$ cat query.pdb   # PDB, C-alpha atoms and all ligand atoms
ATOM      1  CA  MET A  86      10.833  23.688 -12.683
ATOM      2  CA  SER A  87       8.257  24.897 -15.161
ATOM      3  CA  SER A  88       6.449  28.188 -15.314
ATOM      4  CA  PHE A  89       2.938  26.843 -14.794
ATOM      5  CA  PRO A  90       1.349  28.062 -11.578
ATOM      6  CA  VAL A  91       1.050  25.783  -8.574
ATOM      7  CA  ILE A  92      -1.314  26.229  -5.645
ATOM      8  CA  ALA A  93       0.039  24.182  -2.726
ATOM      9  CA  ILE A  94      -2.448  23.212  -0.034
ATOM     10  CA  ASP A  95      -0.962  21.513   3.026
ATOM     11  CA  GLY A  96      -2.495  20.580   6.314
ATOM     12  CA  PRO A  97      -3.109  17.867   8.902
ATOM     13  CA  THR A  98      -5.189  14.759   8.429
ATOM     14  CA  ALA A  99      -8.908  15.217   7.680
ATOM     15  CA  SER A 100      -8.595  18.996   7.463
ATOM     16  CA  GLY A 101     -10.634  18.949   4.263
ATOM     17  CA  LYS A 102      -7.698  19.925   2.107
ATOM     18  CA  GLY A 103      -8.379  17.185  -0.461
ATOM     19  CA  THR A 104     -11.970  18.290  -1.022
ATOM     20  CA  VAL A 105     -11.038  21.969  -1.132
ATOM     21  CA  ALA A 106      -8.012  21.370  -3.382
ATOM     22  CA  SER A 107      -9.910  19.298  -5.945
ATOM     23  CA  LEU A 108     -12.750  21.855  -6.115
ATOM     24  CA  VAL A 109     -10.271  24.724  -6.554
ATOM     25  CA  ALA A 110      -8.596  22.711  -9.344
ATOM     26  CA  ASP A 111     -11.982  22.131 -11.040
ATOM     27  CA  LYS A 112     -12.888  25.827 -10.878
ATOM     28  CA  LEU A 113      -9.574  26.887 -12.416
ATOM     29  CA  GLY A 114      -9.377  24.006 -14.897
ATOM     30  CA  PHE A 115      -6.068  22.974 -13.270
ATOM     31  CA  HIS A 116      -4.684  19.493 -12.719
ATOM     32  CA  TYR A 117      -4.970  18.063  -9.229
ATOM     33  CA  LEU A 118      -2.413  16.094  -7.223
ATOM     34  CA  ASP A 119      -3.590  14.155  -4.159
ATOM     35  CA  SER A 120      -0.098  13.388  -2.861
ATOM     36  CA  GLY A 121      -1.465  11.491   0.147
ATOM     37  CA  ALA A 122      -2.966   8.983  -2.290
ATOM     38  CA  LEU A 123       0.567   8.111  -3.437
ATOM     39  CA  TYR A 124       1.621   7.324   0.144
ATOM     40  CA  ARG A 125      -1.570   5.314   0.553
ATOM     41  CA  LEU A 126      -0.884   3.414  -2.699
ATOM     42  CA  LEU A 127       2.577   2.536  -1.466
ATOM     43  CA  ALA A 128       1.059   1.441   1.851
ATOM     44  CA  LEU A 129      -1.337  -0.908   0.077
ATOM     45  CA  ALA A 130       1.201  -2.285  -2.396
ATOM     46  CA  SER A 131       3.809  -2.907   0.287
ATOM     47  CA  GLU A 132       1.273  -4.609   2.518
ATOM     48  CA  ILE A 133       0.309  -6.944  -0.316
ATOM     49  CA  GLN A 134       3.999  -7.711  -0.900
ATOM     50  CA  GLY A 135       4.655  -8.218   2.807
ATOM     51  CA  ILE A 136       7.285  -5.470   3.082
ATOM     52  CA  ASP A 137       7.949  -4.285   6.629
ATOM     53  CA  VAL A 138       6.757  -0.726   7.182
ATOM     54  CA  LYS A 139      10.081   0.002   8.912
ATOM     55  CA  ASN A 140      12.144  -0.991   5.878
ATOM     56  CA  GLY A 141      12.632   2.414   4.220
ATOM     57  CA  PRO A 142      15.104   1.335   1.515
ATOM     58  CA  GLU A 143      12.959  -1.573   0.308
ATOM     59  CA  LEU A 144       9.830   0.596   0.337
ATOM     60  CA  GLY A 145      11.665   3.225  -1.711
ATOM     61  CA  LEU A 146      12.681   0.599  -4.272
ATOM     62  CA  LEU A 147       9.050  -0.462  -4.673
ATOM     63  CA  VAL A 148       7.952   3.036  -5.826
ATOM     64  CA  PRO A 149       9.261   2.873  -9.437
ATOM     65  CA  LYS A 150       7.671  -0.563  -9.835
ATOM     66  CA  LEU A 151       4.161   0.736  -9.161
ATOM     67  CA  LEU A 152       1.916   1.330 -12.146
ATOM     68  CA  ILE A 153      -0.353   4.109 -10.909
ATOM     69  CA  LEU A 154      -3.130   5.749 -12.908
ATOM     70  CA  PHE A 155      -5.458   8.553 -11.829
ATOM     71  CA  LYS A 156      -8.456   8.765 -14.133
ATOM     72  CA  ASN A 157     -11.525  10.835 -13.280
ATOM     73  CA  ASN A 158     -12.294   9.710  -9.728
ATOM     74  CA  GLN A 159     -10.684   6.314 -10.117
ATOM     75  CA  ILE A 160      -7.220   5.245  -8.979
ATOM     76  CA  THR A 161      -5.726   2.060 -10.353
ATOM     77  CA  LEU A 162      -2.673   0.230  -9.079
ATOM     78  CA  ASN A 163      -1.119  -2.285 -11.471
ATOM     79  CA  GLY A 164      -4.391  -2.329 -13.398
ATOM     80  CA  GLU A 165      -6.651  -2.870 -10.394
ATOM     81  CA  ASP A 166      -9.173  -0.313  -9.123
ATOM     82  CA  VAL A 167      -8.031   0.513  -5.579
ATOM     83  CA  SER A 168      -9.926   3.805  -5.141
ATOM     84  CA  GLU A 169     -11.786   2.437  -2.104
ATOM     85  CA  ALA A 170      -9.124   0.086  -0.756
ATOM     86  CA  ILE A 171      -6.636   2.905  -0.121
ATOM     87  CA  ARG A 172      -9.118   4.961   1.933
ATOM     88  CA  THR A 173      -9.351   2.749   5.011
ATOM     89  CA  GLU A 174      -7.991   3.980   8.341
ATOM     90  CA  SER A 175      -5.512   1.112   8.556
ATOM     91  CA  ILE A 176      -4.003   2.050   5.180
ATOM     92  CA  GLY A 177      -3.921   5.702   6.308
ATOM     93  CA  LEU A 178      -1.982   4.762   9.424
ATOM     94  CA  ARG A 179       0.378   2.565   7.444
ATOM     95  CA  ALA A 180       0.905   5.416   4.955
ATOM     96  CA  SER A 181       1.790   7.770   7.792
ATOM     97  CA  ALA A 182       4.230   5.194   9.219
ATOM     98  CA  LEU A 183       6.097   4.683   5.937
ATOM     99  CA  ALA A 184       6.073   8.413   5.119
ATOM    100  CA  VAL A 185       8.757   8.970   7.781
ATOM    101  CA  HIS A 186      11.460   7.331   5.613
ATOM    102  CA  PRO A 187      13.652   9.682   3.561
ATOM    103  CA  ALA A 188      14.083   6.897   0.954
ATOM    104  CA  VAL A 189      10.325   6.777   0.438
ATOM    105  CA  ARG A 190       9.940  10.550   0.224
ATOM    106  CA  THR A 191      12.821  10.895  -2.241
ATOM    107  CA  ALA A 192      11.447   8.101  -4.437
ATOM    108  CA  LEU A 193       8.127   9.959  -4.707
ATOM    109  CA  VAL A 194       9.501  13.424  -5.605
ATOM    110  CA  GLY A 195       9.694  12.956  -9.394
ATOM    111  CA  LEU A 196       6.293  11.322  -9.610
ATOM    112  CA  GLN A 197       4.698  14.206  -7.705
ATOM    113  CA  ARG A 198       6.389  16.872  -9.840
ATOM    114  CA  SER A 199       5.265  15.120 -13.042
ATOM    115  CA  PHE A 200       1.702  16.237 -12.240
ATOM    116  CA  LEU A 201       2.690  19.840 -12.977
ATOM    117  CA  GLN A 202       1.394  20.410 -16.487
ATOM    118  CA  ALA A 203      -0.362  23.229 -18.361
ATOM    119  CA  PRO A 204      -2.341  25.197 -17.403
ATOM    120  CA  GLY A 205      -1.451  24.671 -13.730
ATOM    121  CA  LEU A 206      -1.724  22.439 -10.683
ATOM    122  CA  VAL A 207      -3.389  22.341  -7.308
ATOM    123  CA  ALA A 208      -1.443  19.962  -5.051
ATOM    124  CA  ASP A 209      -2.431  18.855  -1.584
ATOM    125  CA  GLY A 210      -0.420  17.100   1.103
ATOM    126  CA  ARG A 211       1.995  17.810   3.925
ATOM    127  CA  ASP A 212       5.088  19.137   2.146
ATOM    128  CA  MET A 213       3.752  20.533  -1.126
ATOM    129  CA  ALA A 214       4.822  24.103  -0.269
ATOM    130  CA  SER A 215       7.952  23.280   1.702
ATOM    131  CA  VAL A 216       9.607  20.561  -0.425
ATOM    132  CA  ILE A 217       7.856  19.484  -3.624
ATOM    133  CA  PHE A 218       6.740  22.849  -5.041
ATOM    134  CA  PRO A 219       8.706  25.514  -3.151
ATOM    135  CA  ASP A 220       7.987  27.960  -6.013
ATOM    136  CA  ALA A 221       4.206  27.628  -5.649
ATOM    137  CA  VAL A 222       2.513  30.960  -6.362
ATOM    138  CA  LEU A 223       0.048  30.395  -3.527
ATOM    139  CA  LYS A 224       0.752  28.378  -0.374
ATOM    140  CA  VAL A 225      -2.145  27.539   1.895
ATOM    141  CA  PHE A 226      -2.025  25.786   5.249
ATOM    142  CA  LEU A 227      -5.516  24.460   5.768
ATOM    143  CA  THR A 228      -6.458  23.306   9.228
ATOM    144  CA  ALA A 229      -9.289  22.744  11.729
ATOM    145  CA  THR A 230      -9.511  21.610  15.347
ATOM    146  CA  ALA A 231      -8.976  17.888  16.061
ATOM    147  CA  PRO A 232     -12.642  17.252  17.064
ATOM    148  CA  ALA A 233     -13.902  19.040  13.926
ATOM    149  CA  ARG A 234     -11.565  16.926  11.787
ATOM    150  CA  ALA A 235     -12.561  13.664  13.520
ATOM    151  CA  GLU A 236     -16.215  14.477  12.874
ATOM    152  CA  ARG A 237     -15.543  15.182   9.187
ATOM    153  CA  ARG A 238     -13.580  11.964   8.746
ATOM    154  CA  TYR A 239     -16.388  10.059  10.480
ATOM    155  CA  LYS A 240     -19.011  11.426   8.092
ATOM    156  CA  GLN A 241     -16.758  10.754   5.108
ATOM    157  CA  LEU A 242     -16.230   7.095   6.042
ATOM    158  CA  ILE A 243     -19.881   6.461   6.911
ATOM    159  CA  ALA A 244     -20.962   8.007   3.595
ATOM    160  CA  LYS A 245     -18.679   5.522   1.854
ATOM    161  CA  GLY A 246     -20.234   2.643   3.795
ATOM    162  CA  ILE A 247     -17.058   2.105   5.847
ATOM    163  CA  SER A 248     -17.838   1.543   9.545
ATOM    164  CA  ALA A 249     -16.104   3.872  12.024
ATOM    165  CA  LYS A 250     -16.086   4.978  15.658
ATOM    166  CA  LEU A 251     -15.658   8.677  16.437
ATOM    167  CA  SER A 252     -13.447   8.188  19.513
ATOM    168  CA  ASP A 253     -11.110   5.838  17.598
ATOM    169  CA  LEU A 254     -10.889   8.323  14.739
ATOM    170  CA  LEU A 255      -9.984  11.167  17.106
ATOM    171  CA  GLN A 256      -7.235   9.051  18.634
ATOM    172  CA  ASP A 257      -5.955   7.954  15.205
ATOM    173  CA  LEU A 258      -5.764  11.477  13.895
ATOM    174  CA  GLN A 259      -3.973  12.779  16.957
ATOM    175  CA  GLU A 260      -1.469   9.934  16.554
ATOM    176  CA  ARG A 261      -1.016  10.794  12.897
ATOM    177  CA  ASP A 262      -0.704  14.551  13.604
ATOM    178  CA  ALA A 263       2.049  13.848  16.115
ATOM    179  CA  ARG A 264       3.956  11.580  13.730
ATOM    180  CA  ASP A 265       3.561  13.902  10.714
ATOM    181  CA  SER A 266       4.745  16.928  12.714
ATOM    182  CA  ARG A 267       7.643  15.326  14.555
ATOM    183  CA  ARG A 268       9.286  13.313  11.793
ATOM    184  CA  GLY A 269      12.709  14.478  10.647
ATOM    185  CA  ALA A 270      12.025  14.183   6.898
ATOM    186  CA  ALA A 271       9.670  16.867   5.531
ATOM    187  CA  PRO A 272       7.566  17.316   8.663
ATOM    188  CA  LEU A 273       4.168  18.963   8.479
ATOM    189  CA  VAL A 274       4.967  22.651   8.927
ATOM    190  CA  ILE A 275       3.453  25.973   7.966
ATOM    191  CA  ALA A 276       5.768  26.887   5.084
ATOM    192  CA  ASP A 277       7.326  30.324   4.834
ATOM    193  CA  GLY A 278       4.856  32.621   3.143
ATOM    194  CA  ALA A 279       1.884  30.257   3.589
ATOM    195  CA  LYS A 280      -1.544  31.662   4.378
ATOM    196  CA  VAL A 281      -3.297  29.839   7.212
ATOM    197  CA  LEU A 282      -6.940  28.923   6.652
ATOM    198  CA  GLU A 283      -8.777  27.741   9.782
ATOM    199  CA  THR A 284     -11.862  25.892   8.526
ATOM    200  CA  SER A 285     -13.555  24.554  11.702
ATOM    201  CA  ASP A 286     -16.415  27.029  11.213
ATOM    202  CA  LEU A 287     -16.325  27.280   7.442
ATOM    203  CA  SER A 288     -18.310  25.341   4.861
ATOM    204  CA  ILE A 289     -16.429  23.726   1.979
ATOM    205  CA  ASP A 290     -17.780  26.374  -0.395
ATOM    206  CA  GLN A 291     -16.562  29.180   1.870
ATOM    207  CA  ALA A 292     -13.083  27.650   2.107
ATOM    208  CA  VAL A 293     -12.929  27.170  -1.677
ATOM    209  CA  LYS A 294     -13.985  30.774  -2.253
ATOM    210  CA  ILE A 295     -11.292  32.117   0.065
ATOM    211  CA  VAL A 296      -8.571  30.137  -1.728
ATOM    212  CA  LEU A 297      -9.871  31.272  -5.132
ATOM    213  CA  ASP A 298      -9.972  34.901  -3.950
ATOM    214  CA  TRP A 299      -6.380  34.621  -2.715
ATOM    215  CA  TYR A 300      -5.334  33.162  -6.062
ATOM    216  CA  GLN A 301      -7.193  35.812  -8.081
ATOM    217  CA  SER A 302      -5.536  38.564  -6.065
ATOM    218  CA  ILE A 303      -2.123  37.089  -6.909
ATOM    219  CA  ALA A 304      -2.936  36.316 -10.552
ATOM    220  CA  ALA A 305      -4.492  39.768 -11.143
TER
HETATM  221  O1  LIG B   1      -6.435  11.524   4.558
HETATM  222  P1  LIG B   1      -5.336  12.110   5.327
HETATM  223  O2  LIG B   1      -5.287  13.608   5.279
HETATM  224  O3  LIG B   1      -5.175  11.556   6.673
HETATM  225  O4  LIG B   1      -4.011  11.601   4.708
HETATM  226  P2  LIG B   1      -3.523  11.599   3.238
HETATM  227  O5  LIG B   1      -3.379  12.999   2.733
HETATM  228  O6  LIG B   1      -4.336  10.659   2.432
HETATM  229  O7  LIG B   1      -2.051  11.000   3.468
HETATM  230  C1  LIG B   1      -1.832   9.776   4.139
HETATM  231  C2  LIG B   1      -0.535   9.884   4.918
HETATM  232  O8  LIG B   1       0.547  10.087   4.007
HETATM  233  C3  LIG B   1      -0.471  11.047   5.889
HETATM  234  O9  LIG B   1      -0.856  10.692   7.201
HETATM  235  C4  LIG B   1       0.995  11.480   5.872
HETATM  236  O10 LIG B   1       1.721  10.844   6.872
HETATM  237  C5  LIG B   1       1.506  10.991   4.547
HETATM  238  N1  LIG B   1       1.744  12.086   3.611
HETATM  239  C6  LIG B   1       2.973  12.716   3.638
HETATM  240  O11 LIG B   1       3.800  12.390   4.462
HETATM  241  N2  LIG B   1       3.259  13.697   2.734
HETATM  242  C7  LIG B   1       2.350  14.089   1.837
HETATM  243  N3  LIG B   1       2.656  15.027   0.960
HETATM  244  C8  LIG B   1       1.077  13.481   1.811
HETATM  245  C9  LIG B   1       0.788  12.488   2.708
END
$ encode --input "query.pdb" --output "structure tokens"
Amino acid sequence: MSSFPVIAIDGPTASGKGTVASLVADKLGFHYLDSGALYRLLALASEIQGIDVKNGPELGLLVPKLLILFKNNQITLNGEDVSEAIRTESIGLRASALAVHPAVRTALVGLQRSFLQAPGLVADGRDMASVIFPDAVLKVFLTATAPARAERRYKQLIAKGISAKLSDLLQDLQERDARDSRRGAAPLVIADGAKVLETSDLSIDQAVKIVLDWYQSIAA
């Protein structure tokens, strides 16, 4: 792998890792990888093509056929803006279901690593520290209680004009936590050497500052 620094931020669903990771990337002038978006893109594309979510090999074969572009805050799939379409709960659940397949995870490794470019990368997901960037200079496991995460996800969806019910969201995220943690391939784990950041009582700015302080103390 290359010598550019990677900050890996892993954690369960709706822990705020995406928001924190992209702000840390902005502050440092680093690139940003939202690896969950890739699983969501595959969920959307495979739904459109009618591929069964249980068919790991076929899902894996679809990955190299996807034309994915991240530009500013926009994500396009085969030329179409899907930034909003991939954020629904049903696509999130489908993404979590197809993420269990080793063929899918393997097919996405190269694409994820290609985001590592000068001057550095902040990558968020479930297995950034354990599998994709094991040499990351800083590994953070960002978490919060399930009710705090359900509340955050609720606010996020409502702000985007997507209707949601808090009790359904809590149930969905507990389902997703269980699946992400129990799967055999790259389960959600606290990687060796990772620093745990519990954010239930922290603002986004506080969480970002802690990660930046950790990075500065390593980089110094
Ligand atoms: O928004 P949320 O945190 O729920 O999920 P996401 O980061 O957008 O990822 C969607 C799904 O993809 C997750 O529920 C995981 O099952 C899966 N995923 C994964 O398995 N490995 C990653 N590195 C990122 C996401």
$ residues_near_ligand --input "query.pdb" --ligand "ligand LIG 1 (chain B)" --cutoff "8 Å" --atoms "only C-alpha atoms and all ligand atoms" --output "CSV table (one decimal) with C-alpha atoms, keeping the file's coordinate frame"
chain,number,residue,atom,x,y,z
A,95,ASP,CA,-1.0,21.5,3.0
A,96,GLY,CA,-2.5,20.6,6.3
A,97,PRO,CA,-3.1,17.9,8.9
A,98,THR,CA,-5.2,14.8,8.4
A,99,ALA,CA,-8.9,15.2,7.7
A,100,SER,CA,-8.6,19.0,7.5
A,101,GLY,CA,-10.6,18.9,4.3
A,102,LYS,CA,-7.7,19.9,2.1
A,103,GLY,CA,-8.4,17.2,-0.5
A,119,ASP,CA,-3.6,14.2,-4.2
A,120,SER,CA,-0.1,13.4,-2.9
A,121,GLY,CA,-1.5,11.5,0.1
A,122,ALA,CA,-3.0,9.0,-2.3
A,123,LEU,CA,0.6,8.1,-3.4
A,124,TYR,CA,1.6,7.3,0.1
A,125,ARG,CA,-1.6,5.3,0.6
A,172,ARG,CA,-9.1,5.0,1.9
A,177,GLY,CA,-3.9,5.7,6.3
A,178,LEU,CA,-2.0,4.8,9.4
A,179,ARG,CA,0.4,2.6,7.4
A,180,ALA,CA,0.9,5.4,5.0
A,181,SER,CA,1.8,7.8,7.8
A,182,ALA,CA,4.2,5.2,9.2
A,183,LEU,CA,6.1,4.7,5.9
A,184,ALA,CA,6.1,8.4,5.1
A,185,VAL,CA,8.8,9.0,7.8
A,190,ARG,CA,9.9,10.6,0.2
A,209,ASP,CA,-2.4,18.9,-1.6
A,210,GLY,CA,-0.4,17.1,1.1
A,211,ARG,CA,2.0,17.8,3.9
A,212,ASP,CA,5.1,19.1,2.1
A,213,MET,CA,3.8,20.5,-1.1
A,258,LEU,CA,-5.8,11.5,13.9
A,261,ARG,CA,-1.0,10.8,12.9
A,262,ASP,CA,-0.7,14.6,13.6
A,264,ARG,CA,4.0,11.6,13.7
A,265,ASP,CA,3.6,13.9,10.7
A,271,ALA,CA,9.7,16.9,5.5
A,272,PRO,CA,7.6,17.3,8.7
A,273,LEU,CA,4.2,19.0,8.5
$ resolve_selection --input "query.pdb" --expression "the PyMOL selection byres (((chain A and resi 240-245) around 12) and not hetatm)" --output "PyMOL selection string"
chain A and resi 99-101+103-104+168-170+172-174+233-239+246-251+254
$ axis_aligned_box --input "query.pdb" --around "segment 106-110 of chain A" --padding-each-side "4 Å" --output "lines of an AutoDock Vina configuration file"
center_x = -10.4
center_y = 22.0
center_z = -6.4
size_x = 12.7
size_y = 13.4
size_z = 14.0
$ residues_around --input "query.pdb" --residues "Leu126 of chain A" --least-positions-apart "6" --cutoff "9 Å" --atoms "all atoms listed in the file" --output "ChimeraX atom specification"
/A:151,153,162,167,171,176,180
$ resolve_selection --input "query.pdb" --expression "the PyMOL selection byres (((chain A and resi 205) around 12) and not hetatm)" --output "PyMOL selection string"
chain A and resi 87-93+109-118+198-204+206-208+221-223
$ closest_residue --input "query.pdb" --among "A:Asn163, A:Ile133, A:Ala279, A:Leu147" --to "Asp220 of chain A" --atoms "only C-alpha atoms"
A:Ala279
